Amino acid sequence: MKPHHFLFSILAITWVNGFSQIPQIDVLHYRIELHVSDVSDEIQVQEEIEFKHIKTDQQIVFNLSCRDVSGKGMNITSLKMNGENTVFRHQNDSLYIESKKLKADTQKVKLSFEGIPKDGLIIGKNKYGSRTFFGDNWPTRAQNWFACNDHLSDKATVEYIIEAPKKYEAVANGALISVQKKRKSKIHHYRSSVALPTKIMVVGIAEMCIKEAGNVDGKTVRSCVYPKRKKEALYDLKLGPSILAFYSDYIAPYEYEKLDNVQSTTRFGGMENAGCIFYDENALNGTRSAEALIAHEIVHQWFGNSATEKDWYHLWLSEGFATYLTNIYIEQTKGQLAFQEQLKKDRNRIVSFEKHYRQPVVDSSYSSLMDLLNPNSYQKGGWVLHMLRVEIGDELFHKAIRTYYQKYRLSNADTKDFQDVVEQVSGTKLNWFFKQWLHKAGHPKLNIESEIHENHLDLIVNQVEGFFIFDLPIQVHFKDGGIAKEKLKVTDQQTRYSNTYNKSIQSIDIDPEVKLLFEFIE
């Protein structure tokens, strides 16, 4: 996901439900029959949930938005548990179900409900004034349009039967099973055989032009855009197959049945829904300025969607990975200078952000999940990966990324899980590294004094605020055009370096290859 900007961190957007997993159930499969119309914004849903009741001494609970005083929210019209009518309560955006079957085996609940979604399924108009319906679930907004365990740690397969007026096309997670045409409507049937967290389960219903953009390892890549000015959006999304192929080679084969790249009305710059990525409608303008955005969202198909963080405060495992692996794509396709310029931009954002929000990357202090959409999760998380690459070397870093993915694909992991993989692959204990860069706020703030006397160099590196251990790269330029690369090990509040060379010194550069996250202090 890419926010439009990071002002989200100060917005008063809060979801009371969904911060914590409902621990007593494990959803296996959702079957969602969704009916929409142009008569009103009300939706009708018939849903079947297959699940295991893990903690049978506790009540069965699902998340589902209740109807409020504004008239928005869902009203349940029928519910059956294992084919029988059962007692239930729907209050406080939760669905409480009594069950006679107190066994930890598979159960099914079938329910019907209707209402106008408060959020999650966004019904409105696109920039051309055409009516659209787009799912937008992150972080816990799926519960506004279907009953679910709305936490990223409970993954399930999902299928949709989407009935909409005939003029609309529909996209969703999974493979397109069938399209049934009726006199006034069309019914699209999609099914994902890969288990997904609810945050990336979506449908998109709109007037769309859908074109095949390519095929990667037998998986079809489609571009789904508005009919108006479609040429521009299709041109931008033509990059999709080559980017998907890049990451399939760099990380692992692509997991999902297909990839749809969709022009949409998501509130984010892009949203990485599994196999059905939504991009902000204005990002696709025919200039290919969205190339990095497309790469970022495609990376998420591996990190965030398949290998998913166990809980929200490990968000960097999704967004930091997507940020840095986008930079690796830039490095491989645009060259070292473009890569280093992007790293500098990311470093500047981190430095600026830290001045008004001083928390570690692994941040459990949030009050709203939207607070986590900040440069700590994105740019600083990415920079941690960059410094890890510098620390253990390119080959071991690449191996660690691939090994971590293979171990946690289609599953969940936390920061310690990733650390354990890196230490195993590299054969190095790195607790100091992960502790100082991920679990401690801030970054090195350095005042550096230097004196050059012909062929002699003296440096004093002062850590002005906080204390970090790191290697400081230095490049010494000589008057004859030669250079010397030095690496100063900084292990104290003040570190001195002195060296005499066999030729005259012209100047020095600090971190010329952009390998360290730090800030100069005068």
# chains A, B, ... in the order shown; residues from 1 in each chain; ligands from 1
$ residues_around --residues "A:Gln44" --least-positions-apart "2" --cutoff "9 Å" --atoms "only C-alpha atoms" --output "PyMOL selection string"
chain A and resi 33-36+42+46+112-115
$ select_by_dssp --residues "stretch 348-461 of chain A" --states "helix (DSSP H, G or I)" --output "PDB file with N, CA, C and O atoms, in the first residue's frame"
ATOM      1  N   ASN A 348      15.969  11.419   3.818  1.00  0.00           N
ATOM      2  CA  ASN A 348      15.495  12.755   4.174  1.00  0.00           C
ATOM      3  C   ASN A 348      14.104  12.707   4.809  1.00  0.00           C
ATOM      4  O   ASN A 348      13.811  13.462   5.748  1.00  0.00           O
ATOM      5  N   ARG A 349      13.239  11.826   4.307  1.00  0.00           N
ATOM      6  CA  ARG A 349      11.897  11.706   4.879  1.00  0.00           C
ATOM      7  C   ARG A 349      11.966  11.163   6.304  1.00  0.00           C
ATOM      8  O   ARG A 349      11.216  11.589   7.183  1.00  0.00           O
ATOM      9  N   ILE A 350      12.849  10.215   6.536  1.00  0.00           N
ATOM     10  CA  ILE A 350      13.014   9.649   7.878  1.00  0.00           C
ATOM     11  C   ILE A 350      13.484  10.723   8.856  1.00  0.00           C
ATOM     12  O   ILE A 350      12.945  10.868   9.955  1.00  0.00           O
ATOM     13  N   VAL A 351      14.503  11.469   8.454  1.00  0.00           N
ATOM     14  CA  VAL A 351      15.073  12.513   9.306  1.00  0.00           C
ATOM     15  C   VAL A 351      14.023  13.571   9.634  1.00  0.00           C
ATOM     16  O   VAL A 351      13.874  14.000  10.782  1.00  0.00           O
ATOM     17  N   SER A 352      13.263  13.980   8.625  1.00  0.00           N
ATOM     18  CA  SER A 352      12.227  14.984   8.838  1.00  0.00           C
ATOM     19  C   SER A 352      11.120  14.462   9.750  1.00  0.00           C
ATOM     20  O   SER A 352      10.664  15.159  10.662  1.00  0.00           O
ATOM     21  N   PHE A 353      10.705  13.229   9.530  1.00  0.00           N
ATOM     22  CA  PHE A 353       9.604  12.662  10.316  1.00  0.00           C
ATOM     23  C   PHE A 353       9.985  12.489  11.778  1.00  0.00           C
ATOM     24  O   PHE A 353       9.179  12.720  12.687  1.00  0.00           O
ATOM     25  N   GLU A 354      11.229  12.107  12.026  1.00  0.00           N
ATOM     26  CA  GLU A 354      11.671  11.836  13.391  1.00  0.00           C
ATOM     27  C   GLU A 354      11.631  13.084  14.267  1.00  0.00           C
ATOM     28  O   GLU A 354      11.532  12.990  15.498  1.00  0.00           O
ATOM     29  N   LEU A 369      -4.761   2.520  13.915  1.00  0.00           N
ATOM     30  CA  LEU A 369      -3.930   1.748  12.989  1.00  0.00           C
ATOM     31  C   LEU A 369      -3.382   2.617  11.870  1.00  0.00           C
ATOM     32  O   LEU A 369      -2.307   2.341  11.328  1.00  0.00           O
ATOM     33  N   MET A 370      -4.102   3.677  11.533  1.00  0.00           N
ATOM     34  CA  MET A 370      -3.621   4.571  10.489  1.00  0.00           C
ATOM     35  C   MET A 370      -2.344   5.294  10.909  1.00  0.00           C
ATOM     36  O   MET A 370      -1.580   5.751  10.065  1.00  0.00           O
ATOM     37  N   ASP A 371      -2.085   5.379  12.233  1.00  0.00           N
ATOM     38  CA  ASP A 371      -0.853   6.003  12.706  1.00  0.00           C
ATOM     39  C   ASP A 371       0.384   5.280  12.182  1.00  0.00           C
ATOM     40  O   ASP A 371       1.467   5.865  12.091  1.00  0.00           O
ATOM     41  N   LEU A 372       0.223   3.998  11.887  1.00  0.00           N
ATOM     42  CA  LEU A 372       1.373   3.201  11.449  1.00  0.00           C
ATOM     43  C   LEU A 372       1.767   3.476  10.005  1.00  0.00           C
ATOM     44  O   LEU A 372       2.841   3.047   9.567  1.00  0.00           O
ATOM     45  N   ASN A 376       8.387   5.623   9.314  1.00  0.00           N
ATOM     46  CA  ASN A 376       9.051   4.560  10.065  1.00  0.00           C
ATOM     47  C   ASN A 376       8.764   3.196   9.441  1.00  0.00           C
ATOM     48  O   ASN A 376       9.658   2.375   9.251  1.00  0.00           O
ATOM     49  N   SER A 377       7.485   2.939   9.144  1.00  0.00           N
ATOM     50  CA  SER A 377       7.106   1.654   8.567  1.00  0.00           C
ATOM     51  C   SER A 377       7.609   1.511   7.138  1.00  0.00           C
ATOM     52  O   SER A 377       7.985   0.411   6.711  1.00  0.00           O
ATOM     53  N   TYR A 378       7.598   2.594   6.385  1.00  0.00           N
ATOM     54  CA  TYR A 378       7.956   2.563   4.964  1.00  0.00           C
ATOM     55  C   TYR A 378       9.456   2.813   4.763  1.00  0.00           C
ATOM     56  O   TYR A 378      10.226   1.874   4.553  1.00  0.00           O
ATOM     57  N   GLN A 379       9.853   4.073   4.803  1.00  0.00           N
ATOM     58  CA  GLN A 379      11.230   4.426   4.432  1.00  0.00           C
ATOM     59  C   GLN A 379      12.268   3.900   5.428  1.00  0.00           C
ATOM     60  O   GLN A 379      13.318   3.396   5.026  1.00  0.00           O
ATOM     61  N   LYS A 380      11.976   4.008   6.746  1.00  0.00           N
ATOM     62  CA  LYS A 380      12.977   3.527   7.699  1.00  0.00           C
ATOM     63  C   LYS A 380      13.045   2.000   7.664  1.00  0.00           C
ATOM     64  O   LYS A 380      14.132   1.421   7.741  1.00  0.00           O
ATOM     65  N   GLY A 381      11.886   1.350   7.544  1.00  0.00           N
ATOM     66  CA  GLY A 381      11.910  -0.099   7.384  1.00  0.00           C
ATOM     67  C   GLY A 381      12.727  -0.510   6.176  1.00  0.00           C
ATOM     68  O   GLY A 381      13.501  -1.475   6.214  1.00  0.00           O
ATOM     69  N   GLY A 382      12.573   0.229   5.083  1.00  0.00           N
ATOM     70  CA  GLY A 382      13.364  -0.040   3.888  1.00  0.00           C
ATOM     71  C   GLY A 382      14.846   0.190   4.119  1.00  0.00           C
ATOM     72  O   GLY A 382      15.699  -0.589   3.665  1.00  0.00           O
ATOM     73  N   TRP A 383      15.180   1.259   4.833  1.00  0.00           N
ATOM     74  CA  TRP A 383      16.579   1.561   5.111  1.00  0.00           C
ATOM     75  C   TRP A 383      17.215   0.504   6.013  1.00  0.00           C
ATOM     76  O   TRP A 383      18.403   0.191   5.893  1.00  0.00           O
ATOM     77  N   VAL A 384      16.444  -0.062   6.927  1.00  0.00           N
ATOM     78  CA  VAL A 384      16.970  -1.144   7.769  1.00  0.00           C
ATOM     79  C   VAL A 384      17.386  -2.323   6.889  1.00  0.00           C
ATOM     80  O   VAL A 384      18.451  -2.920   7.081  1.00  0.00           O
ATOM     81  N   LEU A 385      16.567  -2.643   5.903  1.00  0.00           N
ATOM     82  CA  LEU A 385      16.925  -3.721   4.975  1.00  0.00           C
ATOM     83  C   LEU A 385      18.181  -3.356   4.175  1.00  0.00           C
ATOM     84  O   LEU A 385      19.036  -4.223   3.925  1.00  0.00           O
ATOM     85  N   HIS A 386      18.290  -2.095   3.792  1.00  0.00           N
ATOM     86  CA  HIS A 386      19.472  -1.668   3.033  1.00  0.00           C
ATOM     87  C   HIS A 386      20.732  -1.817   3.884  1.00  0.00           C
ATOM     88  O   HIS A 386      21.754  -2.348   3.407  1.00  0.00           O
ATOM     89  N   MET A 387      20.664  -1.397   5.143  1.00  0.00           N
ATOM     90  CA  MET A 387      21.841  -1.517   6.018  1.00  0.00           C
ATOM     91  C   MET A 387      22.135  -2.978   6.359  1.00  0.00           C
ATOM     92  O   MET A 387      23.289  -3.354   6.547  1.00  0.00           O
ATOM     93  N   LEU A 388      21.093  -3.796   6.431  1.00  0.00           N
ATOM     94  CA  LEU A 388      21.306  -5.231   6.629  1.00  0.00           C
ATOM     95  C   LEU A 388      22.045  -5.823   5.431  1.00  0.00           C
ATOM     96  O   LEU A 388      22.962  -6.649   5.593  1.00  0.00           O
ATOM     97  N   ARG A 389      21.675  -5.396   4.246  1.00  0.00           N
ATOM     98  CA  ARG A 389      22.363  -5.840   3.024  1.00  0.00           C
ATOM     99  C   ARG A 389      23.832  -5.444   3.061  1.00  0.00           C
ATOM    100  O   ARG A 389      24.711  -6.237   2.706  1.00  0.00           O
ATOM    101  N   VAL A 390      24.109  -4.215   3.512  1.00  0.00           N
ATOM    102  CA  VAL A 390      25.493  -3.758   3.635  1.00  0.00           C
ATOM    103  C   VAL A 390      26.232  -4.598   4.677  1.00  0.00           C
ATOM    104  O   VAL A 390      27.400  -4.966   4.492  1.00  0.00           O
ATOM    105  N   GLU A 391      25.544  -4.919   5.766  1.00  0.00           N
ATOM    106  CA  GLU A 391      26.154  -5.650   6.881  1.00  0.00           C
ATOM    107  C   GLU A 391      26.542  -7.079   6.498  1.00  0.00           C
ATOM    108  O   GLU A 391      27.640  -7.544   6.839  1.00  0.00           O
ATOM    109  N   ILE A 392      25.655  -7.792   5.802  1.00  0.00           N
ATOM    110  CA  ILE A 392      25.929  -9.218   5.543  1.00  0.00           C
ATOM    111  C   ILE A 392      26.344  -9.496   4.101  1.00  0.00           C
ATOM    112  O   ILE A 392      26.752 -10.611   3.779  1.00  0.00           O
ATOM    113  N   ASP A 394      25.611  -8.718  -0.361  1.00  0.00           N
ATOM    114  CA  ASP A 394      24.526  -8.890  -1.336  1.00  0.00           C
ATOM    115  C   ASP A 394      24.021 -10.324  -1.419  1.00  0.00           C
ATOM    116  O   ASP A 394      22.818 -10.577  -1.422  1.00  0.00           O
ATOM    117  N   GLU A 395      24.946 -11.276  -1.519  1.00  0.00           N
ATOM    118  CA  GLU A 395      24.550 -12.662  -1.750  1.00  0.00           C
ATOM    119  C   GLU A 395      23.760 -13.223  -0.572  1.00  0.00           C
ATOM    120  O   GLU A 395      22.701 -13.841  -0.752  1.00  0.00           O
ATOM    121  N   LEU A 396      24.251 -13.001   0.643  1.00  0.00           N
ATOM    122  CA  LEU A 396      23.548 -13.509   1.825  1.00  0.00           C
ATOM    123  C   LEU A 396      22.240 -12.767   2.050  1.00  0.00           C
ATOM    124  O   LEU A 396      21.249 -13.361   2.501  1.00  0.00           O
ATOM    125  N   PHE A 397      22.211 -11.477   1.734  1.00  0.00           N
ATOM    126  CA  PHE A 397      20.972 -10.719   1.875  1.00  0.00           C
ATOM    127  C   PHE A 397      19.896 -11.288   0.958  1.00  0.00           C
ATOM    128  O   PHE A 397      18.761 -11.526   1.381  1.00  0.00           O
ATOM    129  N   HIS A 398      20.249 -11.504  -0.291  1.00  0.00           N
ATOM    130  CA  HIS A 398      19.286 -12.056  -1.254  1.00  0.00           C
ATOM    131  C   HIS A 398      18.809 -13.431  -0.790  1.00  0.00           C
ATOM    132  O   HIS A 398      17.612 -13.743  -0.835  1.00  0.00           O
ATOM    133  N   LYS A 399      19.732 -14.236  -0.305  1.00  0.00           N
ATOM    134  CA  LYS A 399      19.359 -15.563   0.187  1.00  0.00           C
ATOM    135  C   LYS A 399      18.431 -15.455   1.391  1.00  0.00           C
ATOM    136  O   LYS A 399      17.465 -16.235   1.521  1.00  0.00           O
ATOM    137  N   ALA A 400      18.687 -14.507   2.280  1.00  0.00           N
ATOM    138  CA  ALA A 400      17.851 -14.327   3.466  1.00  0.00           C
ATOM    139  C   ALA A 400      16.423 -13.916   3.093  1.00  0.00           C
ATOM    140  O   ALA A 400      15.448 -14.418   3.673  1.00  0.00           O
ATOM    141  N   ILE A 401      16.295 -13.022   2.122  1.00  0.00           N
ATOM    142  CA  ILE A 401      14.969 -12.589   1.677  1.00  0.00           C
ATOM    143  C   ILE A 401      14.195 -13.778   1.104  1.00  0.00           C
ATOM    144  O   ILE A 401      13.014 -14.000   1.432  1.00  0.00           O
ATOM    145  N   ARG A 402      14.830 -14.556   0.278  1.00  0.00           N
ATOM    146  CA  ARG A 402      14.172 -15.710  -0.346  1.00  0.00           C
ATOM    147  C   ARG A 402      13.849 -16.792   0.700  1.00  0.00           C
ATOM    148  O   ARG A 402      12.776 -17.399   0.672  1.00  0.00           O
ATOM    149  N   THR A 403      14.775 -17.018   1.630  1.00  0.00           N
ATOM    150  CA  THR A 403      14.555 -18.035   2.660  1.00  0.00           C
ATOM    151  C   THR A 403      13.411 -17.642   3.581  1.00  0.00           C
ATOM    152  O   THR A 403      12.562 -18.477   3.935  1.00  0.00           O
ATOM    153  N   TYR A 404      13.390 -16.379   3.996  1.00  0.00           N
ATOM    154  CA  TYR A 404      12.305 -15.881   4.843  1.00  0.00           C
ATOM    155  C   TYR A 404      10.967 -16.052   4.149  1.00  0.00           C
ATOM    156  O   TYR A 404       9.984 -16.516   4.755  1.00  0.00           O
ATOM    157  N   TYR A 405      10.916 -15.720   2.866  1.00  0.00           N
ATOM    158  CA  TYR A 405       9.644 -15.856   2.151  1.00  0.00           C
ATOM    159  C   TYR A 405       9.211 -17.322   2.087  1.00  0.00           C
ATOM    160  O   TYR A 405       8.048 -17.643   2.359  1.00  0.00           O
ATOM    161  N   GLN A 406      10.121 -18.203   1.743  1.00  0.00           N
ATOM    162  CA  GLN A 406       9.752 -19.611   1.627  1.00  0.00           C
ATOM    163  C   GLN A 406       9.274 -20.178   2.959  1.00  0.00           C
ATOM    164  O   GLN A 406       8.353 -21.004   2.999  1.00  0.00           O
ATOM    165  N   LYS A 407       9.864 -19.739   4.052  1.00  0.00           N
ATOM    166  CA  LYS A 407       9.473 -20.253   5.364  1.00  0.00           C
ATOM    167  C   LYS A 407       8.104 -19.747   5.794  1.00  0.00           C
ATOM    168  O   LYS A 407       7.337 -20.475   6.429  1.00  0.00           O
ATOM    169  N   TYR A 408       7.767 -18.496   5.422  1.00  0.00           N
ATOM    170  CA  TYR A 408       6.541 -17.887   5.930  1.00  0.00           C
ATOM    171  C   TYR A 408       5.512 -17.574   4.845  1.00  0.00           C
ATOM    172  O   TYR A 408       4.523 -16.900   5.108  1.00  0.00           O
ATOM    173  N   THR A 415       8.857  -9.765  13.582  1.00  0.00           N
ATOM    174  CA  THR A 415      10.218  -9.277  13.381  1.00  0.00           C
ATOM    175  C   THR A 415      11.256 -10.285  13.867  1.00  0.00           C
ATOM    176  O   THR A 415      12.292 -10.492  13.225  1.00  0.00           O
ATOM    177  N   LYS A 416      10.981 -10.947  15.002  1.00  0.00           N
ATOM    178  CA  LYS A 416      11.922 -11.947  15.524  1.00  0.00           C
ATOM    179  C   LYS A 416      12.046 -13.124  14.565  1.00  0.00           C
ATOM    180  O   LYS A 416      13.150 -13.687  14.393  1.00  0.00           O
ATOM    181  N   ASP A 417      10.961 -13.509  13.921  1.00  0.00           N
ATOM    182  CA  ASP A 417      11.023 -14.587  12.927  1.00  0.00           C
ATOM    183  C   ASP A 417      11.971 -14.220  11.787  1.00  0.00           C
ATOM    184  O   ASP A 417      12.772 -15.052  11.336  1.00  0.00           O
ATOM    185  N   PHE A 418      11.873 -12.977  11.324  1.00  0.00           N
ATOM    186  CA  PHE A 418      12.765 -12.540  10.248  1.00  0.00           C
ATOM    187  C   PHE A 418      14.204 -12.503  10.728  1.00  0.00           C
ATOM    188  O   PHE A 418      15.123 -12.960  10.030  1.00  0.00           O
ATOM    189  N   GLN A 419      14.427 -11.984  11.942  1.00  0.00           N
ATOM    190  CA  GLN A 419      15.779 -11.948  12.504  1.00  0.00           C
ATOM    191  C   GLN A 419      16.368 -13.348  12.586  1.00  0.00           C
ATOM    192  O   GLN A 419      17.542 -13.560  12.229  1.00  0.00           O
ATOM    193  N   ASP A 420      15.588 -14.319  13.034  1.00  0.00           N
ATOM    194  CA  ASP A 420      16.086 -15.688  13.158  1.00  0.00           C
ATOM    195  C   ASP A 420      16.528 -16.246  11.806  1.00  0.00           C
ATOM    196  O   ASP A 420      17.552 -16.928  11.712  1.00  0.00           O
ATOM    197  N   VAL A 421      15.750 -15.944  10.757  1.00  0.00           N
ATOM    198  CA  VAL A 421      16.113 -16.412   9.416  1.00  0.00           C
ATOM    199  C   VAL A 421      17.423 -15.772   8.971  1.00  0.00           C
ATOM    200  O   VAL A 421      18.317 -16.460   8.447  1.00  0.00           O
ATOM    201  N   VAL A 422      17.557 -14.470   9.182  1.00  0.00           N
ATOM    202  CA  VAL A 422      18.775 -13.766   8.746  1.00  0.00           C
ATOM    203  C   VAL A 422      19.992 -14.314   9.482  1.00  0.00           C
ATOM    204  O   VAL A 422      21.062 -14.535   8.878  1.00  0.00           O
ATOM    205  N   GLU A 423      19.845 -14.544  10.782  1.00  0.00           N
ATOM    206  CA  GLU A 423      20.972 -15.065  11.553  1.00  0.00           C
ATOM    207  C   GLU A 423      21.346 -16.478  11.106  1.00  0.00           C
ATOM    208  O   GLU A 423      22.523 -16.822  11.032  1.00  0.00           O
ATOM    209  N   GLN A 424      20.345 -17.281  10.788  1.00  0.00           N
ATOM    210  CA  GLN A 424      20.614 -18.639  10.316  1.00  0.00           C
ATOM    211  C   GLN A 424      21.334 -18.619   8.968  1.00  0.00           C
ATOM    212  O   GLN A 424      22.315 -19.340   8.762  1.00  0.00           O
ATOM    213  N   VAL A 425      20.854 -17.783   8.059  1.00  0.00           N
ATOM    214  CA  VAL A 425      21.446 -17.716   6.718  1.00  0.00           C
ATOM    215  C   VAL A 425      22.859 -17.142   6.761  1.00  0.00           C
ATOM    216  O   VAL A 425      23.767 -17.638   6.082  1.00  0.00           O
ATOM    217  N   SER A 426      23.051 -16.098   7.556  1.00  0.00           N
ATOM    218  CA  SER A 426      24.350 -15.404   7.581  1.00  0.00           C
ATOM    219  C   SER A 426      25.345 -16.038   8.529  1.00  0.00           C
ATOM    220  O   SER A 426      26.561 -15.776   8.435  1.00  0.00           O
ATOM    221  N   ASN A 431      21.530  -9.563  16.989  1.00  0.00           N
ATOM    222  CA  ASN A 431      20.572  -8.963  17.918  1.00  0.00           C
ATOM    223  C   ASN A 431      20.836  -7.470  18.101  1.00  0.00           C
ATOM    224  O   ASN A 431      19.900  -6.666  18.180  1.00  0.00           O
ATOM    225  N   TRP A 432      22.121  -7.101  18.153  1.00  0.00           N
ATOM    226  CA  TRP A 432      22.473  -5.683  18.301  1.00  0.00           C
ATOM    227  C   TRP A 432      21.925  -4.857  17.140  1.00  0.00           C
ATOM    228  O   TRP A 432      21.457  -3.718  17.339  1.00  0.00           O
ATOM    229  N   PHE A 433      21.984  -5.415  15.938  1.00  0.00           N
ATOM    230  CA  PHE A 433      21.527  -4.692  14.749  1.00  0.00           C
ATOM    231  C   PHE A 433      20.025  -4.472  14.800  1.00  0.00           C
ATOM    232  O   PHE A 433      19.535  -3.347  14.637  1.00  0.00           O
ATOM    233  N   PHE A 434      19.261  -5.541  15.022  1.00  0.00           N
ATOM    234  CA  PHE A 434      17.808  -5.429  15.027  1.00  0.00           C
ATOM    235  C   PHE A 434      17.314  -4.587  16.198  1.00  0.00           C
ATOM    236  O   PHE A 434      16.343  -3.833  16.074  1.00  0.00           O
ATOM    237  N   LYS A 435      17.998  -4.698  17.334  1.00  0.00           N
ATOM    238  CA  LYS A 435      17.578  -3.932  18.504  1.00  0.00           C
ATOM    239  C   LYS A 435      17.733  -2.433  18.272  1.00  0.00           C
ATOM    240  O   LYS A 435      16.816  -1.653  18.548  1.00  0.00           O
ATOM    241  N   GLN A 436      18.885  -2.019  17.731  1.00  0.00           N
ATOM    242  CA  GLN A 436      19.127  -0.573  17.618  1.00  0.00           C
ATOM    243  C   GLN A 436      18.386   0.065  16.447  1.00  0.00           C
ATOM    244  O   GLN A 436      18.006   1.233  16.511  1.00  0.00           O
ATOM    245  N   TRP A 437      18.144  -0.690  15.377  1.00  0.00           N
ATOM    246  CA  TRP A 437      17.516  -0.075  14.211  1.00  0.00           C
ATOM    247  C   TRP A 437      15.995  -0.233  14.176  1.00  0.00           C
ATOM    248  O   TRP A 437      15.309   0.579  13.552  1.00  0.00           O
ATOM    249  N   LEU A 438      15.472  -1.257  14.858  1.00  0.00           N
ATOM    250  CA  LEU A 438      14.027  -1.515  14.789  1.00  0.00           C
ATOM    251  C   LEU A 438      13.301  -1.307  16.108  1.00  0.00           C
ATOM    252  O   LEU A 438      12.122  -0.938  16.122  1.00  0.00           O
TER     253      LEU A 438
END
$ residues_around --residues "stretch 59-68 of chain A" --least-positions-apart "3" --cutoff "10 Å" --atoms "only C-alpha atoms" --output "number ranges by chain"
A: 17-18, 22-25, 27, 52-56, 71-76, 88-99, 102, 114-119, 140-151
$ closest_residue --among "A:Leu152, A:Cys276, A:Lys230, A:Ile43" --to "A:Leu176" --atoms "only C-alpha atoms"
A:Cys276
$ atom_distance --atom1 "atom CA of A:Asn85" --atom2 "atom CA of A:Gln107"
13.8 Å
$ atom_distance --atom1 "atom CA of A:His296" --atom2 "atom CA of A:Ile123"
25.9 Å
$ decode --residues "stretch 202-207 of chain A" --atoms "all heavy atoms" --output "PDB file, in the first residue's frame"
ATOM      1  N   VAL A 202     -11.146  -8.252  -1.805  1.00  0.00           N
ATOM      2  CA  VAL A 202     -11.908  -7.148  -2.400  1.00  0.00           C
ATOM      3  C   VAL A 202     -12.694  -7.575  -3.626  1.00  0.00           C
ATOM      4  O   VAL A 202     -12.401  -8.590  -4.258  1.00  0.00           O
ATOM      5  CB  VAL A 202     -10.992  -5.974  -2.825  1.00  0.00           C
ATOM      6  CG1 VAL A 202     -10.372  -5.295  -1.637  1.00  0.00           C
ATOM      7  CG2 VAL A 202      -9.948  -6.428  -3.825  1.00  0.00           C
ATOM      8  N   VAL A 203     -13.666  -6.740  -3.951  1.00  0.00           N
ATOM      9  CA  VAL A 203     -14.318  -6.753  -5.253  1.00  0.00           C
ATOM     10  C   VAL A 203     -14.235  -5.344  -5.819  1.00  0.00           C
ATOM     11  O   VAL A 203     -14.105  -4.366  -5.076  1.00  0.00           O
ATOM     12  CB  VAL A 203     -15.799  -7.195  -5.158  1.00  0.00           C
ATOM     13  CG1 VAL A 203     -15.906  -8.593  -4.568  1.00  0.00           C
ATOM     14  CG2 VAL A 203     -16.621  -6.201  -4.347  1.00  0.00           C
ATOM     15  N   GLY A 204     -14.300  -5.251  -7.135  1.00  0.00           N
ATOM     16  CA  GLY A 204     -14.384  -3.963  -7.811  1.00  0.00           C
ATOM     17  C   GLY A 204     -15.453  -4.061  -8.886  1.00  0.00           C
ATOM     18  O   GLY A 204     -15.423  -4.997  -9.703  1.00  0.00           O
ATOM     19  N   ILE A 205     -16.406  -3.152  -8.869  1.00  0.00           N
ATOM     20  CA  ILE A 205     -17.523  -3.181  -9.816  1.00  0.00           C
ATOM     21  C   ILE A 205     -17.620  -1.807 -10.453  1.00  0.00           C
ATOM     22  O   ILE A 205     -17.806  -0.797  -9.762  1.00  0.00           O
ATOM     23  CB  ILE A 205     -18.852  -3.529  -9.097  1.00  0.00           C
ATOM     24  CG1 ILE A 205     -18.702  -4.835  -8.309  1.00  0.00           C
ATOM     25  CG2 ILE A 205     -19.989  -3.621 -10.095  1.00  0.00           C
ATOM     26  CD1 ILE A 205     -19.807  -5.057  -7.296  1.00  0.00           C
ATOM     27  N   ALA A 206     -17.475  -1.756 -11.767  1.00  0.00           N
ATOM     28  CA  ALA A 206     -17.495  -0.467 -12.459  1.00  0.00           C
ATOM     29  C   ALA A 206     -17.587  -0.726 -13.966  1.00  0.00           C
ATOM     30  O   ALA A 206     -17.427  -1.855 -14.425  1.00  0.00           O
ATOM     31  CB  ALA A 206     -16.229   0.330 -12.145  1.00  0.00           C
ATOM     32  N   GLU A 207     -17.839   0.328 -14.705  1.00  0.00           N
ATOM     33  CA  GLU A 207     -17.687   0.246 -16.149  1.00  0.00           C
ATOM     34  C   GLU A 207     -16.189   0.241 -16.422  1.00  0.00           C
ATOM     35  O   GLU A 207     -15.484   1.195 -16.106  1.00  0.00           O
ATOM     36  CB  GLU A 207     -18.366   1.435 -16.818  1.00  0.00           C
ATOM     37  CG  GLU A 207     -19.882   1.448 -16.644  1.00  0.00           C
ATOM     38  CD  GLU A 207     -20.524   2.659 -17.269  1.00  0.00           C
ATOM     39  OE1 GLU A 207     -20.601   2.703 -18.514  1.00  0.00           O
ATOM     40  OE2 GLU A 207     -20.934   3.561 -16.515  1.00  0.00           O
TER      41      GLU A 207
END
